[in-house]
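**Q** I'd like to ask some things about the structure below.
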2 protein chains.
Amino acid sequence: MRLYGYSRSSAAFRVRIALNLKGLSYEDALIHLRRGDQRQPPFLGVNPQGLVPALEIDGQTLIQSLPIIEYLDETHPEPPFLPRDAAGRARVRALAAVVACDIHPVNNLRVLRYLSRPLGHDQAAIETWYNHWIAAGFEALEGLLSTSRDTGTFCHGDAPGLADITLVPQVVNAERYGLDMSPYPTVSRIYQACSKLDAFAAAHPRRQPDYEE
Amino acid sequence: MRLYGYSRSSAAFRVRIALNLKGLSYEDALIHLRRGDQRQPPFLGVNPQGLVPALEIDGQTLIQSLPIIEYLDETHPEPPFLPRDAAGRARVRALAAVVACDIHPVNNLRVLRYLSRPLGHDQAAIETWYNHWIAAGFEALEGLLSTSRDTGTFCHGDAPGLADITLVPQVVNAERYGLDMSPYPTVSRIYQACSKLDAFAAAHPRRQPDYEE
């Protein structure tokens, strides 16, 4: 099994956490996004979309982090990433989607680059943009998490799952950009609980071989 | 069953298609996004995130279009929206994610508004932005669809599913913004096949009671 990733990619970070939680070992294929390796032929042969992560598994290449994680959960059911009931599954997938659809894509490297060129914005405007979308998403998540009896030590009950896998890389990004986390105590509490687990800690960007300050 | 939606919301459009394909009837609760009704207390009581769609079903309110659609598929299995094999499911979910994670969020109304104010871009710059991200995503989709033996009349085989449900609203948006579709013949062919089905046609923005030119 080979994971095409990048230390700073939070979508690849999600897949690293998922593989670790399932106890699956994998080989790293590191694609240097800031250098543009994702747009070079070797990687475009793996994923024509030119985005990480991509996972070589069971004789095929899968793309898109959440579909990859659902595949891992279907083919390696223990420990489960989703509750057994349809309502619980919808809740956990929705929490994951708040991050994966409403925060992360708007703050992706290629979007930030477009704001810089051709749109001509400076680093301060880009950081304001970045934190604006994280704050909007975290406000929603804090509301959803703090008001639900389904929330436990983790986003849904007392075992980590898909929502936690998606949340943690987003909090790491927020910290890197200096977002004030104090309005999001439930998000912060769950983040702390996850960070104590080896599967999450070992997946952190700082622990990857291609990490640069 | 009550669907909080808006004719022009492509995420609500996805859920309308899904409900129609499952043969489920629903009551419309229309939230006028351009007027800002999604940020008013009545709707914030339904979805504190202030986004459509939200679906009242089985005594609960579900949010986020793809999790809602997966819930409908789990609770009303026929006709299925996902293949039976894990690899096929991963492929279909990935095709859906290219639209739902890589195109649509970057072109959402709230993002376009931010480009206008505070960032100060004019309509021409916003249209260029809009078409840039659709083109990037459609190029990826065209590659994924045109090179796979799994592609049939629809994105995966000869029955419509989750990927088609996600694709069609994005093509409708592309047409509205005048994107040249000729580089994407497979995307266009599948869009045409879907448009012939009542479930898709009846979900079109133009067919909704709140539609305005």
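Please note that chains go A, B, ... in the order of the structure tokens, that every chain numbers its residues from 1, and that ligands are numbered from 1 in the order shown.
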Select residues of chain A: the criterion is any atom within 7 Å of an atom of chain B, counting only C-alpha atoms; output as a list of chain:residue names.

**A**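 Those within range of chain B come out as A:Pro48, A:Gln49, A:Ile63, A:Gln64, A:Pro67, A:Ile68, A:Tyr71, A:Glu74, A:Ala86, A:Ala90, A:Arg93, A:Ala94, A:Ala97, A:Ala100, A:Cys101, A:Asp102, A:Pro105, A:Val106, A:Ala140.
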
**Q** With a distance cut-off of 7 Å and only C-alpha atoms, select the neighbouring residues of B:Ala18, excluding the residue or stretch itself and same-chain residues fewer than 3 positions from it, and output the selection as a list in words.

**A** Arg14, Val15, Leu21, Lys22, Ile69 and Ile165 of chain B

**Q** Could you tell me how far atom CA of A:Gln38 lies from atom CA of A:Pro53, in Å and to one decimal?

**A**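 Taking atom CA of A:Gln38 as the start and atom CA of A:Pro53 as the end point, the length is 10.2 Å.
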
**Q** Report as a ChimeraX atom specification all protein, DNA and RNA residues lying within 10 Å of A:Ile190, evaluated on only C-alpha atoms, omitting residues in the same chain fewer than 4 positions from it.

**A** /A:145,151-155,160,164,167-168,185-186,194-195

**Q** Could you write out the selected residues, including C-alpha atoms, as a tab-separated table (two decimals), in the first residue's frame?

**A**
chain	number	residue	atom	x	y	z
A	145	LEU	CA	-21.05	19.52	18.76
A	151	THR	CA	-21.08	14.21	21.28
A	152	GLY	CA	-18.82	12.38	23.72
A	153	THR	CA	-15.11	12.33	24.30
A	154	PHE	CA	-14.93	12.51	20.53
A	155	CYS	CA	-17.26	14.02	17.90
A	160	PRO	CA	-12.69	8.44	17.28
A	164	ASP	CA	-12.50	13.44	14.27
A	167	LEU	CA	-11.47	17.83	12.35
A	168	VAL	CA	-7.93	17.37	13.65
A	185	PRO	CA	-14.14	24.95	23.48
A	186	THR	CA	-15.80	21.72	22.34
A	194	CYS	CA	-7.49	13.02	19.63
A	195	SER	CA	-3.98	14.38	19.93

**Q** Looking only at alpha helix (DSSP H) from DSSP on the backbone, list the matching residues of stretch 64-204 of chain A as a PDB file with N, CA and C atoms, in the first residue's frame.

**A**
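Dumped everything to states_23.pdb:
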ATOM      1  N   SER A  65      -9.880  12.153  -0.342  1.00  0.00           N
ATOM      2  CA  SER A  65      -9.640  11.640   1.013  1.00  0.00           C
ATOM      3  C   SER A  65     -10.858  10.963   1.648  1.00  0.00           C
ATOM      4  N   LEU A  66     -12.023  11.584   1.608  1.00  0.00           N
ATOM      5  CA  LEU A  66     -13.155  10.955   2.310  1.00  0.00           C
ATOM      6  C   LEU A  66     -13.584   9.647   1.648  1.00  0.00           C
ATOM      7  N   PRO A  67     -13.689   9.581   0.308  1.00  0.00           N
ATOM      8  CA  PRO A  67     -13.948   8.280  -0.318  1.00  0.00           C
ATOM      9  C   PRO A  67     -12.879   7.233  -0.001  1.00  0.00           C
ATOM     10  N   ILE A  68     -11.618   7.629   0.081  1.00  0.00           N
ATOM     11  CA  ILE A  68     -10.564   6.683   0.464  1.00  0.00           C
ATOM     12  C   ILE A  68     -10.846   6.153   1.876  1.00  0.00           C
ATOM     13  N   ILE A  69     -11.193   7.064   2.777  1.00  0.00           N
ATOM     14  CA  ILE A  69     -11.406   6.665   4.176  1.00  0.00           C
ATOM     15  C   ILE A  69     -12.647   5.775   4.295  1.00  0.00           C
ATOM     16  N   GLU A  70     -13.693   6.077   3.533  1.00  0.00           N
ATOM     17  CA  GLU A  70     -14.885   5.204   3.549  1.00  0.00           C
ATOM     18  C   GLU A  70     -14.519   3.814   2.987  1.00  0.00           C
ATOM     19  N   TYR A  71     -13.662   3.782   1.969  1.00  0.00           N
ATOM     20  CA  TYR A  71     -13.211   2.492   1.417  1.00  0.00           C
ATOM     21  C   TYR A  71     -12.455   1.692   2.481  1.00  0.00           C
ATOM     22  N   LEU A  72     -11.543   2.365   3.176  1.00  0.00           N
ATOM     23  CA  LEU A  72     -10.791   1.673   4.242  1.00  0.00           C
ATOM     24  C   LEU A  72     -11.753   1.132   5.293  1.00  0.00           C
ATOM     25  N   ASP A  73     -12.777   1.905   5.605  1.00  0.00           N
ATOM     26  CA  ASP A  73     -13.729   1.489   6.631  1.00  0.00           C
ATOM     27  C   ASP A  73     -14.573   0.304   6.156  1.00  0.00           C
ATOM     28  N   GLU A  74     -14.891   0.283   4.866  1.00  0.00           N
ATOM     29  CA  GLU A  74     -15.689  -0.832   4.339  1.00  0.00           C
ATOM     30  C   GLU A  74     -14.864  -2.112   4.215  1.00  0.00           C
ATOM     31  N   THR A  75     -13.579  -1.960   3.894  1.00  0.00           N
ATOM     32  CA  THR A  75     -12.746  -3.150   3.663  1.00  0.00           C
ATOM     33  C   THR A  75     -12.009  -3.596   4.925  1.00  0.00           C
ATOM     34  N   ALA A  86     -28.177   4.696  10.725  1.00  0.00           N
ATOM     35  CA  ALA A  86     -28.155   5.634   9.590  1.00  0.00           C
ATOM     36  C   ALA A  86     -28.133   7.089  10.057  1.00  0.00           C
ATOM     37  N   ALA A  87     -28.889   7.396  11.118  1.00  0.00           N
ATOM     38  CA  ALA A  87     -28.926   8.783  11.606  1.00  0.00           C
ATOM     39  C   ALA A  87     -27.550   9.191  12.133  1.00  0.00           C
ATOM     40  N   GLY A  88     -26.910   8.310  12.869  1.00  0.00           N
ATOM     41  CA  GLY A  88     -25.576   8.596  13.377  1.00  0.00           C
ATOM     42  C   GLY A  88     -24.564   8.747  12.246  1.00  0.00           C
ATOM     43  N   ARG A  89     -24.695   7.908  11.247  1.00  0.00           N
ATOM     44  CA  ARG A  89     -23.795   7.997  10.098  1.00  0.00           C
ATOM     45  C   ARG A  89     -23.968   9.334   9.379  1.00  0.00           C
ATOM     46  N   ALA A  90     -25.222   9.747   9.228  1.00  0.00           N
ATOM     47  CA  ALA A  90     -25.482  11.037   8.577  1.00  0.00           C
ATOM     48  C   ALA A  90     -24.891  12.176   9.406  1.00  0.00           C
ATOM     49  N   ARG A  91     -25.004  12.075  10.733  1.00  0.00           N
ATOM     50  CA  ARG A  91     -24.449  13.132  11.587  1.00  0.00           C
ATOM     51  C   ARG A  91     -22.926  13.206  11.441  1.00  0.00           C
ATOM     52  N   VAL A  92     -22.279  12.058  11.509  1.00  0.00           N
ATOM     53  CA  VAL A  92     -20.808  12.050  11.445  1.00  0.00           C
ATOM     54  C   VAL A  92     -20.336  12.513  10.066  1.00  0.00           C
ATOM     55  N   ARG A  93     -21.000  12.042   9.014  1.00  0.00           N
ATOM     56  CA  ARG A  93     -20.605  12.493   7.669  1.00  0.00           C
ATOM     57  C   ARG A  93     -20.830  13.992   7.507  1.00  0.00           C
ATOM     58  N   ALA A  94     -21.887  14.524   8.122  1.00  0.00           N
ATOM     59  CA  ALA A  94     -22.151  15.960   8.012  1.00  0.00           C
ATOM     60  C   ALA A  94     -21.078  16.763   8.742  1.00  0.00           C
ATOM     61  N   LEU A  95     -20.687  16.307   9.928  1.00  0.00           N
ATOM     62  CA  LEU A  95     -19.612  16.996  10.649  1.00  0.00           C
ATOM     63  C   LEU A  95     -18.332  16.989   9.806  1.00  0.00           C
ATOM     64  N   ALA A  96     -18.045  15.851   9.192  1.00  0.00           N
ATOM     65  CA  ALA A  96     -16.856  15.771   8.323  1.00  0.00           C
ATOM     66  C   ALA A  96     -16.996  16.705   7.127  1.00  0.00           C
ATOM     67  N   ALA A  97     -18.206  16.791   6.585  1.00  0.00           N
ATOM     68  CA  ALA A  97     -18.428  17.630   5.394  1.00  0.00           C
ATOM     69  C   ALA A  97     -18.294  19.116   5.719  1.00  0.00           C
ATOM     70  N   LEU A 109      -4.222  25.191  -1.026  1.00  0.00           N
ATOM     71  CA  LEU A 109      -3.046  25.887  -1.547  1.00  0.00           C
ATOM     72  C   LEU A 109      -3.315  26.545  -2.900  1.00  0.00           C
ATOM     73  N   ARG A 110      -4.000  25.806  -3.804  1.00  0.00           N
ATOM     74  CA  ARG A 110      -4.214  26.370  -5.148  1.00  0.00           C
ATOM     75  C   ARG A 110      -5.140  27.580  -5.120  1.00  0.00           C
ATOM     76  N   VAL A 111      -6.065  27.619  -4.165  1.00  0.00           N
ATOM     77  CA  VAL A 111      -6.955  28.775  -4.035  1.00  0.00           C
ATOM     78  C   VAL A 111      -6.182  29.969  -3.457  1.00  0.00           C
ATOM     79  N   LEU A 112      -5.382  29.711  -2.433  1.00  0.00           N
ATOM     80  CA  LEU A 112      -4.586  30.796  -1.851  1.00  0.00           C
ATOM     81  C   LEU A 112      -3.633  31.377  -2.894  1.00  0.00           C
ATOM     82  N   ARG A 113      -3.087  30.496  -3.729  1.00  0.00           N
ATOM     83  CA  ARG A 113      -2.186  30.983  -4.788  1.00  0.00           C
ATOM     84  C   ARG A 113      -2.931  31.859  -5.791  1.00  0.00           C
ATOM     85  N   TYR A 114      -4.166  31.486  -6.119  1.00  0.00           N
ATOM     86  CA  TYR A 114      -4.959  32.286  -7.060  1.00  0.00           C
ATOM     87  C   TYR A 114      -5.251  33.666  -6.457  1.00  0.00           C
ATOM     88  N   LEU A 115      -5.470  33.712  -5.144  1.00  0.00           N
ATOM     89  CA  LEU A 115      -5.692  35.012  -4.494  1.00  0.00           C
ATOM     90  C   LEU A 115      -4.444  35.885  -4.614  1.00  0.00           C
ATOM     91  N   SER A 116      -3.282  35.239  -4.534  1.00  0.00           N
ATOM     92  CA  SER A 116      -2.030  35.975  -4.655  1.00  0.00           C
ATOM     93  C   SER A 116      -1.807  36.406  -6.100  1.00  0.00           C
ATOM     94  N   GLN A 123      -0.171  38.907   1.716  1.00  0.00           N
ATOM     95  CA  GLN A 123      -0.243  37.834   2.704  1.00  0.00           C
ATOM     96  C   GLN A 123      -1.276  38.155   3.797  1.00  0.00           C
ATOM     97  N   ALA A 124      -1.368  39.422   4.187  1.00  0.00           N
ATOM     98  CA  ALA A 124      -2.320  39.797   5.243  1.00  0.00           C
ATOM     99  C   ALA A 124      -3.759  39.529   4.796  1.00  0.00           C
ATOM    100  N   ALA A 125      -4.086  39.896   3.564  1.00  0.00           N
ATOM    101  CA  ALA A 125      -5.452  39.660   3.053  1.00  0.00           C
ATOM    102  C   ALA A 125      -5.715  38.166   2.949  1.00  0.00           C
ATOM    103  N   ILE A 126      -4.694  37.409   2.559  1.00  0.00           N
ATOM    104  CA  ILE A 126      -4.866  35.959   2.416  1.00  0.00           C
ATOM    105  C   ILE A 126      -5.073  35.319   3.789  1.00  0.00           C
ATOM    106  N   GLU A 127      -4.346  35.800   4.799  1.00  0.00           N
ATOM    107  CA  GLU A 127      -4.542  35.245   6.152  1.00  0.00           C
ATOM    108  C   GLU A 127      -5.917  35.594   6.703  1.00  0.00           C
ATOM    109  N   THR A 128      -6.403  36.777   6.384  1.00  0.00           N
ATOM    110  CA  THR A 128      -7.754  37.158   6.818  1.00  0.00           C
ATOM    111  C   THR A 128      -8.795  36.249   6.163  1.00  0.00           C
ATOM    112  N   TRP A 129      -8.622  36.024   4.864  1.00  0.00           N
ATOM    113  CA  TRP A 129      -9.484  35.081   4.122  1.00  0.00           C
ATOM    114  C   TRP A 129      -9.453  33.722   4.798  1.00  0.00           C
ATOM    115  N   TYR A 130      -8.262  33.219   5.036  1.00  0.00           N
ATOM    116  CA  TYR A 130      -8.065  31.871   5.595  1.00  0.00           C
ATOM    117  C   TYR A 130      -8.811  31.722   6.923  1.00  0.00           C
ATOM    118  N   ASN A 131      -8.569  32.671   7.806  1.00  0.00           N
ATOM    119  CA  ASN A 131      -9.183  32.567   9.129  1.00  0.00           C
ATOM    120  C   ASN A 131     -10.692  32.834   9.094  1.00  0.00           C
ATOM    121  N   HIS A 132     -11.133  33.641   8.133  1.00  0.00           N
ATOM    122  CA  HIS A 132     -12.577  33.895   7.987  1.00  0.00           C
ATOM    123  C   HIS A 132     -13.330  32.584   7.770  1.00  0.00           C
ATOM    124  N   TRP A 133     -12.833  31.742   6.863  1.00  0.00           N
ATOM    125  CA  TRP A 133     -13.555  30.508   6.525  1.00  0.00           C
ATOM    126  C   TRP A 133     -13.397  29.458   7.604  1.00  0.00           C
ATOM    127  N   ILE A 134     -12.241  29.433   8.252  1.00  0.00           N
ATOM    128  CA  ILE A 134     -12.119  28.483   9.369  1.00  0.00           C
ATOM    129  C   ILE A 134     -13.072  28.902  10.491  1.00  0.00           C
ATOM    130  N   ALA A 135     -13.120  30.194  10.791  1.00  0.00           N
ATOM    131  CA  ALA A 135     -13.980  30.664  11.884  1.00  0.00           C
ATOM    132  C   ALA A 135     -15.450  30.357  11.586  1.00  0.00           C
ATOM    133  N   ALA A 136     -15.880  30.587  10.341  1.00  0.00           N
ATOM    134  CA  ALA A 136     -17.280  30.294   9.980  1.00  0.00           C
ATOM    135  C   ALA A 136     -17.576  28.809  10.174  1.00  0.00           C
ATOM    136  N   GLY A 137     -16.648  27.965   9.750  1.00  0.00           N
ATOM    137  CA  GLY A 137     -16.859  26.525   9.866  1.00  0.00           C
ATOM    138  C   GLY A 137     -16.790  26.045  11.304  1.00  0.00           C
ATOM    139  N   PHE A 138     -15.827  26.572  12.056  1.00  0.00           N
ATOM    140  CA  PHE A 138     -15.690  26.148  13.459  1.00  0.00           C
ATOM    141  C   PHE A 138     -16.872  26.633  14.299  1.00  0.00           C
ATOM    142  N   GLU A 139     -17.408  27.796  13.976  1.00  0.00           N
ATOM    143  CA  GLU A 139     -18.595  28.269  14.692  1.00  0.00           C
ATOM    144  C   GLU A 139     -19.741  27.278  14.481  1.00  0.00           C
ATOM    145  N   ALA A 140     -19.896  26.830  13.240  1.00  0.00           N
ATOM    146  CA  ALA A 140     -20.931  25.826  12.944  1.00  0.00           C
ATOM    147  C   ALA A 140     -20.647  24.527  13.691  1.00  0.00           C
ATOM    148  N   LEU A 141     -19.408  24.070  13.634  1.00  0.00           N
ATOM    149  CA  LEU A 141     -19.062  22.814  14.301  1.00  0.00           C
ATOM    150  C   LEU A 141     -19.267  22.905  15.805  1.00  0.00           C
ATOM    151  N   GLU A 142     -18.832  24.035  16.392  1.00  0.00           N
ATOM    152  CA  GLU A 142     -18.994  24.204  17.836  1.00  0.00           C
ATOM    153  C   GLU A 142     -20.478  24.111  18.209  1.00  0.00           C
ATOM    154  N   GLY A 143     -21.336  24.755  17.420  1.00  0.00           N
ATOM    155  CA  GLY A 143     -22.772  24.679  17.672  1.00  0.00           C
ATOM    156  C   GLY A 143     -23.293  23.257  17.550  1.00  0.00           C
ATOM    157  N   LEU A 144     -22.897  22.585  16.483  1.00  0.00           N
ATOM    158  CA  LEU A 144     -23.379  21.216  16.263  1.00  0.00           C
ATOM    159  C   LEU A 144     -22.877  20.275  17.357  1.00  0.00           C
ATOM    160  N   LEU A 145     -21.638  20.449  17.778  1.00  0.00           N
ATOM    161  CA  LEU A 145     -21.046  19.525  18.758  1.00  0.00           C
ATOM    162  C   LEU A 145     -21.519  19.815  20.179  1.00  0.00           C
ATOM    163  N   SER A 146     -21.608  21.111  20.534  1.00  0.00           N
ATOM    164  CA  SER A 146     -21.872  21.447  21.932  1.00  0.00           C
ATOM    165  C   SER A 146     -23.334  21.221  22.315  1.00  0.00           C
ATOM    166  N   LEU A 162     -14.802   9.195  11.695  1.00  0.00           N
ATOM    167  CA  LEU A 162     -14.606  10.015  10.494  1.00  0.00           C
ATOM    168  C   LEU A 162     -14.592  11.518  10.803  1.00  0.00           C
ATOM    169  N   ALA A 163     -15.466  11.962  11.690  1.00  0.00           N
ATOM    170  CA  ALA A 163     -15.537  13.404  11.974  1.00  0.00           C
ATOM    171  C   ALA A 163     -14.266  13.885  12.667  1.00  0.00           C
ATOM    172  N   ASP A 164     -13.734  13.065  13.580  1.00  0.00           N
ATOM    173  CA  ASP A 164     -12.500  13.441  14.273  1.00  0.00           C
ATOM    174  C   ASP A 164     -11.313  13.438  13.304  1.00  0.00           C
ATOM    175  N   ILE A 165     -11.309  12.457  12.424  1.00  0.00           N
ATOM    176  CA  ILE A 165     -10.243  12.342  11.427  1.00  0.00           C
ATOM    177  C   ILE A 165     -10.192  13.600  10.556  1.00  0.00           C
ATOM    178  N   THR A 166     -11.346  14.182  10.288  1.00  0.00           N
ATOM    179  CA  THR A 166     -11.428  15.368   9.442  1.00  0.00           C
ATOM    180  C   THR A 166     -11.152  16.639  10.248  1.00  0.00           C
ATOM    181  N   LEU A 167     -11.601  16.630  11.505  1.00  0.00           N
ATOM    182  CA  LEU A 167     -11.467  17.827  12.348  1.00  0.00           C
ATOM    183  C   LEU A 167     -10.010  18.144  12.692  1.00  0.00           C
ATOM    184  N   VAL A 168      -9.275  17.125  13.092  1.00  0.00           N
ATOM    185  CA  VAL A 168      -7.931  17.375  13.648  1.00  0.00           C
ATOM    186  C   VAL A 168      -7.002  18.103  12.668  1.00  0.00           C
ATOM    187  N   PRO A 169      -6.899  17.680  11.402  1.00  0.00           N
ATOM    188  CA  PRO A 169      -6.012  18.435  10.497  1.00  0.00           C
ATOM    189  C   PRO A 169      -6.454  19.893  10.324  1.00  0.00           C
ATOM    190  N   GLN A 170      -7.756  20.149  10.413  1.00  0.00           N
ATOM    191  CA  GLN A 170      -8.221  21.528  10.266  1.00  0.00           C
ATOM    192  C   GLN A 170      -7.816  22.375  11.467  1.00  0.00           C
ATOM    193  N   VAL A 171      -7.842  21.779  12.664  1.00  0.00           N
ATOM    194  CA  VAL A 171      -7.400  22.520  13.854  1.00  0.00           C
ATOM    195  C   VAL A 171      -5.896  22.788  13.778  1.00  0.00           C
ATOM    196  N   VAL A 172      -5.146  21.815  13.296  1.00  0.00           N
ATOM    197  CA  VAL A 172      -3.701  22.023  13.134  1.00  0.00           C
ATOM    198  C   VAL A 172      -3.446  23.202  12.187  1.00  0.00           C
ATOM    199  N   ASN A 173      -4.192  23.279  11.105  1.00  0.00           N
ATOM    200  CA  ASN A 173      -4.061  24.418  10.186  1.00  0.00           C
ATOM    201  C   ASN A 173      -4.438  25.731  10.859  1.00  0.00           C
ATOM    202  N   ALA A 174      -5.516  25.702  11.629  1.00  0.00           N
ATOM    203  CA  ALA A 174      -5.955  26.922  12.322  1.00  0.00           C
ATOM    204  C   ALA A 174      -4.869  27.415  13.271  1.00  0.00           C
ATOM    205  N   GLU A 175      -4.248  26.482  13.971  1.00  0.00           N
ATOM    206  CA  GLU A 175      -3.174  26.870  14.902  1.00  0.00           C
ATOM    207  C   GLU A 175      -1.994  27.483  14.158  1.00  0.00           C
ATOM    208  N   ARG A 176      -1.698  26.918  12.995  1.00  0.00           N
ATOM    209  CA  ARG A 176      -0.565  27.414  12.215  1.00  0.00           C
ATOM    210  C   ARG A 176      -0.818  28.856  11.775  1.00  0.00           C
ATOM    211  N   PRO A 185     -14.661  25.832  22.419  1.00  0.00           N
ATOM    212  CA  PRO A 185     -14.141  24.950  23.476  1.00  0.00           C
ATOM    213  C   PRO A 185     -14.401  23.467  23.208  1.00  0.00           C
ATOM    214  N   THR A 186     -15.513  23.138  22.589  1.00  0.00           N
ATOM    215  CA  THR A 186     -15.796  21.717  22.340  1.00  0.00           C
ATOM    216  C   THR A 186     -14.868  21.189  21.244  1.00  0.00           C
ATOM    217  N   VAL A 187     -14.710  21.980  20.204  1.00  0.00           N
ATOM    218  CA  VAL A 187     -13.761  21.607  19.141  1.00  0.00           C
ATOM    219  C   VAL A 187     -12.374  21.407  19.752  1.00  0.00           C
ATOM    220  N   SER A 188     -11.962  22.328  20.612  1.00  0.00           N
ATOM    221  CA  SER A 188     -10.623  22.252  21.212  1.00  0.00           C
ATOM    222  C   SER A 188     -10.481  21.029  22.108  1.00  0.00           C
ATOM    223  N   ARG A 189     -11.534  20.755  22.882  1.00  0.00           N
ATOM    224  CA  ARG A 189     -11.487  19.602  23.778  1.00  0.00           C
ATOM    225  C   ARG A 189     -11.336  18.297  23.002  1.00  0.00           C
ATOM    226  N   ILE A 190     -12.092  18.182  21.917  1.00  0.00           N
ATOM    227  CA  ILE A 190     -12.028  16.962  21.103  1.00  0.00           C
ATOM    228  C   ILE A 190     -10.656  16.867  20.418  1.00  0.00           C
ATOM    229  N   TYR A 191     -10.171  17.988  19.968  1.00  0.00           N
ATOM    230  CA  TYR A 191      -8.835  18.007  19.356  1.00  0.00           C
ATOM    231  C   TYR A 191      -7.775  17.509  20.344  1.00  0.00           C
ATOM    232  N   GLN A 192      -7.884  17.979  21.589  1.00  0.00           N
ATOM    233  CA  GLN A 192      -6.909  17.534  22.606  1.00  0.00           C
ATOM    234  C   GLN A 192      -7.030  16.028  22.848  1.00  0.00           C
ATOM    235  N   ALA A 193      -8.263  15.542  22.910  1.00  0.00           N
ATOM    236  CA  ALA A 193      -8.462  14.104  23.143  1.00  0.00           C
ATOM    237  C   ALA A 193      -7.856  13.279  22.010  1.00  0.00           C
ATOM    238  N   CYS A 194      -8.052  13.739  20.780  1.00  0.00           N
ATOM    239  CA  CYS A 194      -7.490  13.016  19.625  1.00  0.00           C
ATOM    240  C   CYS A 194      -5.966  13.041  19.655  1.00  0.00           C
ATOM    241  N   SER A 195      -5.428  14.215  20.007  1.00  0.00           N
ATOM    242  CA  SER A 195      -3.978  14.382  19.927  1.00  0.00           C
ATOM    243  C   SER A 195      -3.229  13.451  20.867  1.00  0.00           C
ATOM    244  N   ASP A 198      -1.971   7.798  19.633  1.00  0.00           N
ATOM    245  CA  ASP A 198      -0.819   7.611  18.743  1.00  0.00           C
ATOM    246  C   ASP A 198      -1.198   7.747  17.267  1.00  0.00           C
ATOM    247  N   ALA A 199      -2.380   7.235  16.896  1.00  0.00           N
ATOM    248  CA  ALA A 199      -2.774   7.237  15.479  1.00  0.00           C
ATOM    249  C   ALA A 199      -2.848   8.664  14.934  1.00  0.00           C
ATOM    250  N   PHE A 200      -3.298   9.593  15.780  1.00  0.00           N
ATOM    251  CA  PHE A 200      -3.374  10.994  15.364  1.00  0.00           C
ATOM    252  C   PHE A 200      -1.992  11.651  15.459  1.00  0.00           C
ATOM    253  N   ALA A 201      -1.298  11.411  16.572  1.00  0.00           N
ATOM    254  CA  ALA A 201      -0.011  12.071  16.790  1.00  0.00           C
ATOM    255  C   ALA A 201       1.000  11.692  15.710  1.00  0.00           C
TER     256      ALA A 201
END

**Q** Of the candidates B:Pro83, B:His204, B:Glu27, B:Met1, which shows the shortest atom-to-atom distance to B:Ile57, using only C-alpha atoms?

**A**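 Result for the nearest residue to B:Ile57: B:Met1.
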
**Q** Would you give me, as a ChimeraX atom specification, the residues in stretch 16-212 of chain B that DSSP reads as strand (DSSP E)?

**A** /B:27-30,54-57,60-63

**Q** Given the selection you just returned, output its residues as a file containing N, CA and C atoms, formatted as a compact mmCIF listing (two decimals), in the first residue's frame.

**A**
# COMPACT_ATOMS: atom_id res chain seq x y z
N GLU B 27 -42.13 18.27 1.04
CA GLU B 27 -42.67 19.63 1.08
C GLU B 27 -41.50 20.60 0.91
N ASP B 28 -41.71 21.64 0.13
CA ASP B 28 -40.66 22.65 -0.08
C ASP B 28 -40.69 23.70 1.02
N ALA B 29 -39.54 24.00 1.60
CA ALA B 29 -39.40 25.18 2.45
C ALA B 29 -38.30 26.01 1.81
N LEU B 30 -38.69 27.08 1.16
CA LEU B 30 -37.74 27.80 0.31
C LEU B 30 -37.07 28.93 1.10
N ALA B 54 -31.26 21.54 4.07
CA ALA B 54 -31.49 20.79 5.30
C ALA B 54 -32.74 19.97 5.04
N LEU B 55 -32.77 18.77 5.55
CA LEU B 55 -33.92 17.88 5.29
C LEU B 55 -34.50 17.39 6.60
N GLU B 56 -35.77 17.72 6.83
CA GLU B 56 -36.49 17.16 7.98
C GLU B 56 -37.03 15.81 7.55
N ILE B 57 -36.59 14.78 8.23
CA ILE B 57 -36.96 13.41 7.86
C ILE B 57 -36.83 12.51 9.08
N GLN B 60 -35.97 14.08 12.54
CA GLN B 60 -34.70 14.77 12.76
C GLN B 60 -34.42 15.70 11.59
N THR B 61 -33.44 16.57 11.74
CA THR B 61 -33.04 17.45 10.65
C THR B 61 -31.62 17.10 10.23
N LEU B 62 -31.47 16.73 8.98
CA LEU B 62 -30.15 16.39 8.45
C LEU B 62 -29.61 17.57 7.64
N ILE B 63 -28.30 17.75 7.68
CA ILE B 63 -27.66 18.81 6.89
C ILE B 63 -26.55 18.20 6.04
